[in-house]
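Student: Contents are mmCIF, C-alpha atoms; file name work_28.cif:
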data_input
loop_
_atom_site.label_atom_id
_atom_site.label_comp_id
_atom_site.auth_asym_id
_atom_site.auth_seq_id
_atom_site.Cartn_x
_atom_site.Cartn_y
_atom_site.Cartn_z
CA MET A 1 0.00 0.00 0.00
CA ASP A 2 1.25 3.46 -0.89
CA PRO A 3 -0.31 5.98 1.56
CA GLU A 4 0.99 8.89 -0.51
CA ALA A 5 -0.79 7.60 -3.64
CA VAL A 6 -4.03 7.26 -1.65
CA ARG A 7 -3.73 10.80 -0.28
CA LYS A 8 -2.87 12.28 -3.69
CA SER A 9 -5.81 10.53 -5.38
CA LEU A 10 -8.20 12.19 -2.92
CA GLU A 11 -6.60 15.63 -2.96
CA PRO A 12 -8.70 18.31 -4.66
CA THR A 13 -7.09 19.24 -7.97
CA ALA A 14 -7.83 22.95 -7.84
CA THR A 15 -8.20 25.78 -5.34
CA VAL A 16 -11.04 28.25 -5.26
CA GLU A 17 -8.72 30.83 -6.84
CA LYS A 18 -7.99 28.50 -9.75
CA ILE A 19 -11.67 27.65 -10.17
CA THR A 20 -12.66 31.28 -10.54
CA GLY A 21 -9.72 32.02 -12.86
CA SER A 22 -8.95 30.69 -16.32
CA THR A 23 -11.07 28.25 -18.35
CA PRO A 24 -8.83 25.13 -17.94
CA ALA A 25 -9.05 25.34 -14.13
CA ARG A 26 -12.85 25.41 -14.33
CA LEU A 27 -12.70 21.93 -15.80
CA HIS A 28 -11.52 20.71 -12.38
CA PHE A 29 -14.34 22.32 -10.44
CA TYR A 30 -16.20 19.18 -9.39
CA ASP A 31 -13.30 17.42 -7.61
CA PRO A 32 -12.75 20.09 -4.94
CA PHE A 33 -16.49 20.78 -4.77
CA VAL A 34 -17.18 17.21 -3.67
CA LEU A 35 -13.90 16.21 -2.00
CA SER A 36 -13.47 19.30 0.20
CA GLY A 37 -14.29 18.26 3.75
CA VAL A 38 -13.71 14.53 3.23
CA SER A 39 -11.24 13.22 5.78
CA ILE A 40 -9.42 9.91 5.72
CA GLU A 41 -10.03 7.98 8.95
CA ALA A 42 -8.15 4.79 8.03
CA ALA A 43 -6.31 3.39 5.02
CA GLU A 44 -5.13 -0.19 5.03
CA HIS A 45 -4.60 -2.92 2.48
CA GLY A 46 -7.84 -3.23 0.49
CA ARG A 47 -9.83 -0.87 2.71
CA LEU A 48 -10.39 2.86 3.00
CA LEU A 49 -12.49 4.59 5.64
CA CYS A 50 -13.44 8.26 5.25
CA SER A 51 -16.00 10.64 6.70
CA PHE A 52 -17.60 13.97 5.87
CA VAL A 53 -20.41 16.21 7.07
CA VAL A 54 -23.28 16.98 4.69
CA THR A 55 -23.04 20.71 4.04
CA PRO A 56 -25.54 22.98 2.27
CA ARG A 57 -23.35 23.09 -0.86
CA LEU A 58 -23.70 19.29 -1.18
CA ALA A 59 -27.44 19.28 -0.52
CA SER A 60 -30.58 19.66 -2.59
CA PRO A 61 -32.97 22.56 -1.96
CA ALA A 62 -34.88 20.18 0.34
CA GLY A 63 -31.75 19.84 2.50
CA TYR A 64 -30.65 16.29 1.65
CA LEU A 65 -27.37 15.00 0.23
CA ARG A 66 -27.54 15.00 -3.57
CA SER A 67 -27.40 11.60 -5.22
CA GLY A 68 -24.79 12.88 -7.70
CA VAL A 69 -22.45 13.73 -4.83
CA THR A 70 -22.86 10.20 -3.47
CA ALA A 71 -22.13 8.73 -6.92
CA THR A 72 -19.08 10.96 -7.37
CA LEU A 73 -17.73 9.98 -3.96
CA ALA A 74 -18.30 6.31 -4.82
CA ASP A 75 -16.18 6.89 -7.93
CA GLN A 76 -13.40 8.88 -6.21
CA LEU A 77 -13.18 6.85 -2.99
CA GLY A 78 -13.70 3.55 -4.78
CA SER A 79 -10.78 4.40 -7.05
CA ALA A 80 -8.61 5.23 -4.03
CA VAL A 81 -9.18 1.71 -2.64
CA PHE A 82 -7.13 0.32 -5.53
CA PHE A 83 -4.18 2.45 -4.38
CA CYS A 84 -4.75 1.10 -0.84
CA SER A 85 -4.34 -2.37 -2.33
CA GLY A 86 -0.88 -1.56 -3.66
CA LEU A 87 -1.86 -1.27 -7.30
CA PRO A 88 0.10 1.34 -9.29
CA SER A 89 -3.03 2.70 -10.99
CA SER A 90 -6.73 2.92 -10.18
CA GLY A 91 -7.71 1.89 -13.71
CA VAL A 92 -10.65 3.01 -15.84
CA SER A 93 -14.27 2.73 -14.70
CA LEU A 94 -16.33 0.07 -16.45
CA GLU A 95 -19.41 0.32 -14.26
CA ILE A 96 -20.61 2.15 -11.18
CA SER A 97 -23.92 1.30 -9.57
CA VAL A 98 -25.38 2.98 -6.50
CA SER A 99 -28.35 1.82 -4.44
CA PHE A 100 -29.88 4.52 -2.26
CA VAL A 101 -31.69 3.25 0.84
CA ASP A 102 -31.93 6.36 3.04
CA ALA A 103 -31.40 10.12 2.88
CA ALA A 104 -28.85 12.19 4.76
CA ALA A 105 -29.74 15.70 5.91
CA VAL A 106 -27.54 18.77 6.20
CA GLY A 107 -25.40 18.49 9.33
CA GLU A 108 -25.28 14.69 9.43
CA GLU A 109 -21.86 13.04 9.47
CA ILE A 110 -21.44 10.26 6.94
CA GLU A 111 -18.90 7.45 7.12
CA VAL A 112 -17.77 5.94 3.82
CA GLU A 113 -16.06 2.56 3.73
CA GLY A 114 -14.54 1.22 0.54
CA LYS A 115 -13.45 -2.42 0.34
CA LEU A 116 -11.64 -4.27 -2.38
CA LEU A 117 -13.74 -7.26 -3.45
CA ARG A 118 -11.47 -8.48 -6.23
CA ALA A 119 -8.40 -7.37 -8.15
CA GLY A 120 -7.64 -9.74 -11.00
CA LYS A 121 -5.25 -9.35 -13.91
CA SER A 122 -7.50 -6.97 -15.80
CA VAL A 123 -10.64 -6.22 -13.75
CA GLY A 124 -11.11 -5.05 -10.18
CA VAL A 125 -14.24 -4.58 -8.09
CA VAL A 126 -14.77 -2.40 -5.03
CA SER A 127 -17.79 -1.96 -2.76
CA VAL A 128 -18.43 1.42 -1.15
CA ASP A 129 -20.85 1.72 1.79
CA PHE A 130 -22.22 5.06 3.00
CA ARG A 131 -23.44 4.98 6.61
CA LYS A 132 -24.73 7.59 9.02
CA LYS A 133 -21.93 7.82 11.55
CA LYS A 134 -24.20 8.44 14.53
CA THR A 135 -26.47 5.41 14.01
CA GLY A 136 -24.49 3.17 11.64
CA LYS A 137 -27.55 3.02 9.38
CA LEU A 138 -26.79 2.27 5.73
CA MET A 139 -27.57 5.24 3.50
CA ALA A 140 -26.24 4.05 0.14
CA GLN A 141 -24.22 1.19 -1.27
CA ALA A 142 -22.13 1.32 -4.43
CA ARG A 143 -20.23 -1.18 -6.52
CA HIS A 144 -17.41 0.07 -8.72
CA THR A 145 -15.90 -2.13 -11.43
CA LYS A 146 -12.68 -0.99 -13.10
CA TYR A 147 -10.46 -2.12 -15.96
CA LEU A 148 -6.96 -2.27 -14.47
CA VAL A 149 -4.72 -2.90 -17.47
CA ALA A 150 -3.93 -0.26 -20.07
CA SER A 151 -4.09 -1.73 -23.54
CA SER A 152 -1.95 -0.58 -26.45
CA ARG A 153 -5.09 -0.83 -28.64
CA LEU A 154 -6.78 1.95 -26.71
#
Once you've parsed the file, please lay out its structure as structure tokens.
Tutor:
Amino acid sequence: MDPEAVRKSLEPTATVEKITGSTPARLHFYDPFVLSGVSIEAAEHGRLLCSFVVTPRLASPAGYLRSGVTATLADQLGSAVFFCSGLPSSGVSLEISVSFVDAAAVGEEIEVEGKLLRAGKSVGVVSVDFRKKKTGKLMAQARHTKYLVASSRL
């Protein structure tokens, strides 16, 4: 496991100053928008545990965590699990599915646990569970499948 690779994969790629500046920096707006406030609680071989608080910028007008934010975090944190497993690359997404079973309101702290299910020669699979930290109740569950080998035909 390379802790530095895990940390770098979850680091926002732009600052607020860069976002409001030139056009190329605006292309990196979504990473810091979603990843700001996410803290790494534990990183070990094949497992990553993070947490964040649902803030108004991540919520719908009704005050609940947006499903797109959950899906983006499943993508970003799921990809970081591959680095936790010692792989040199997080690969390319083949499929991401998210099942939503509860809502999270502004102010609630969410715990996100990503676990490596399989890392074969060319395909890897990660599960990502979103739980309310206070109660442990499952909020959403994602499965992220990635192609791990770069092909010269691509």
Student: Which polymer residues have any atom within 6 Å of an atom of segment 52-60 of chain A, counting only C-alpha atoms, with same-chain residues fewer than 3 positions away left out, as a PyMOL selection string?
Tutor: chain A and resi 37-38+63-66+106-110
Student: Hey, can you pull every residue with an atom no more than 10 Å from (-14.5, 9.4, -4.5), using only C-alpha atoms, and send it as a list in words?
Tutor: Ser9, Leu10, Asp31, Val34, Leu35, Val38, Cys50, Val69, Thr70, Ala71, Thr72, Leu73, Ala74, Asp75, Gln76, Leu77, Gly78, Ser79, Ala80, Val81, Val112, Gly114 and Val128 of chain A
Student: Could you check which of A:Ser39, A:Glu4, A:Ala142, A:Val125 is closest to Gly86 of chain A, using only C-alpha atoms?
Tutor: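 Of A:Ser39, A:Glu4, A:Ala142, A:Val125, the one nearest Gly86 of chain A, counting only C-alpha atoms, is A:Glu4.
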Student: Please evaluate the PyMOL selection byres ((chain A and resi 129-131) around 6) against the structure above and give the resulting residues as an NGL selection string.
Tutor: :A and (110-113 or 128 or 132-133 or 136-141)
Student: Measuring atom to atom with only C-alpha atoms, identify which of A:Ile40, A:Ala104, A:Leu116, A:Cys84 is nearest to Thr135 of chain A.
Tutor: A:Ala104
Student: Hey, what's within 9 Å of Val123 of chain A if we count all atoms listed in the file and toss same-chain stuff fewer than 4 positions away? As a tab-separated table (two decimals) with C-alpha atoms, keeping the file's coordinate frame, please?
Tutor:
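Written out: around-v5.tsv:
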chain	number	residue	atom	x	y	z
A	91	GLY	CA	-7.71	1.89	-13.71
A	94	LEU	CA	-16.33	0.07	-16.45
A	118	ARG	CA	-11.47	-8.48	-6.23
A	119	ALA	CA	-8.40	-7.37	-8.15
A	145	THR	CA	-15.90	-2.13	-11.43
A	146	LYS	CA	-12.68	-0.99	-13.10
A	147	TYR	CA	-10.46	-2.12	-15.96
A	148	LEU	CA	-6.96	-2.27	-14.47
A	149	VAL	CA	-4.72	-2.90	-17.47
Student: If you measure from atom CA of Arg47 of chain A to atom CA of Leu87 of chain A, what distance in Å do you get, rounded to one decimal?
Tutor: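 Separation of atom CA of Arg47 of chain A and atom CA of Leu87 of chain A: 12.8 Å.
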Student: I'd like to know which of A:Gly68, A:Leu48, A:Ala62, A:Pro88 is closest to Val126 of chain A, using all atoms listed in the file.
Tutor: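 Checking each candidate against Val126 of chain A, we get A:Leu48 as the closest.
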Student: How far is it from atom CA of Gly124 of chain A to atom CA of Phe82 of chain A, in Å with one decimal?
Tutor: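 We find that atom CA of Gly124 of chain A and atom CA of Phe82 of chain A lie 8.1 Å from each other.
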Student: Enter the distance from atom CA of Ser93 of chain A to atom CA of Ser127 of chain A, in Å, rounded to one decimal.
Tutor: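 One can read the atom CA of Ser93 of chain A to atom CA of Ser127 of chain A distance as 13.3 Å.
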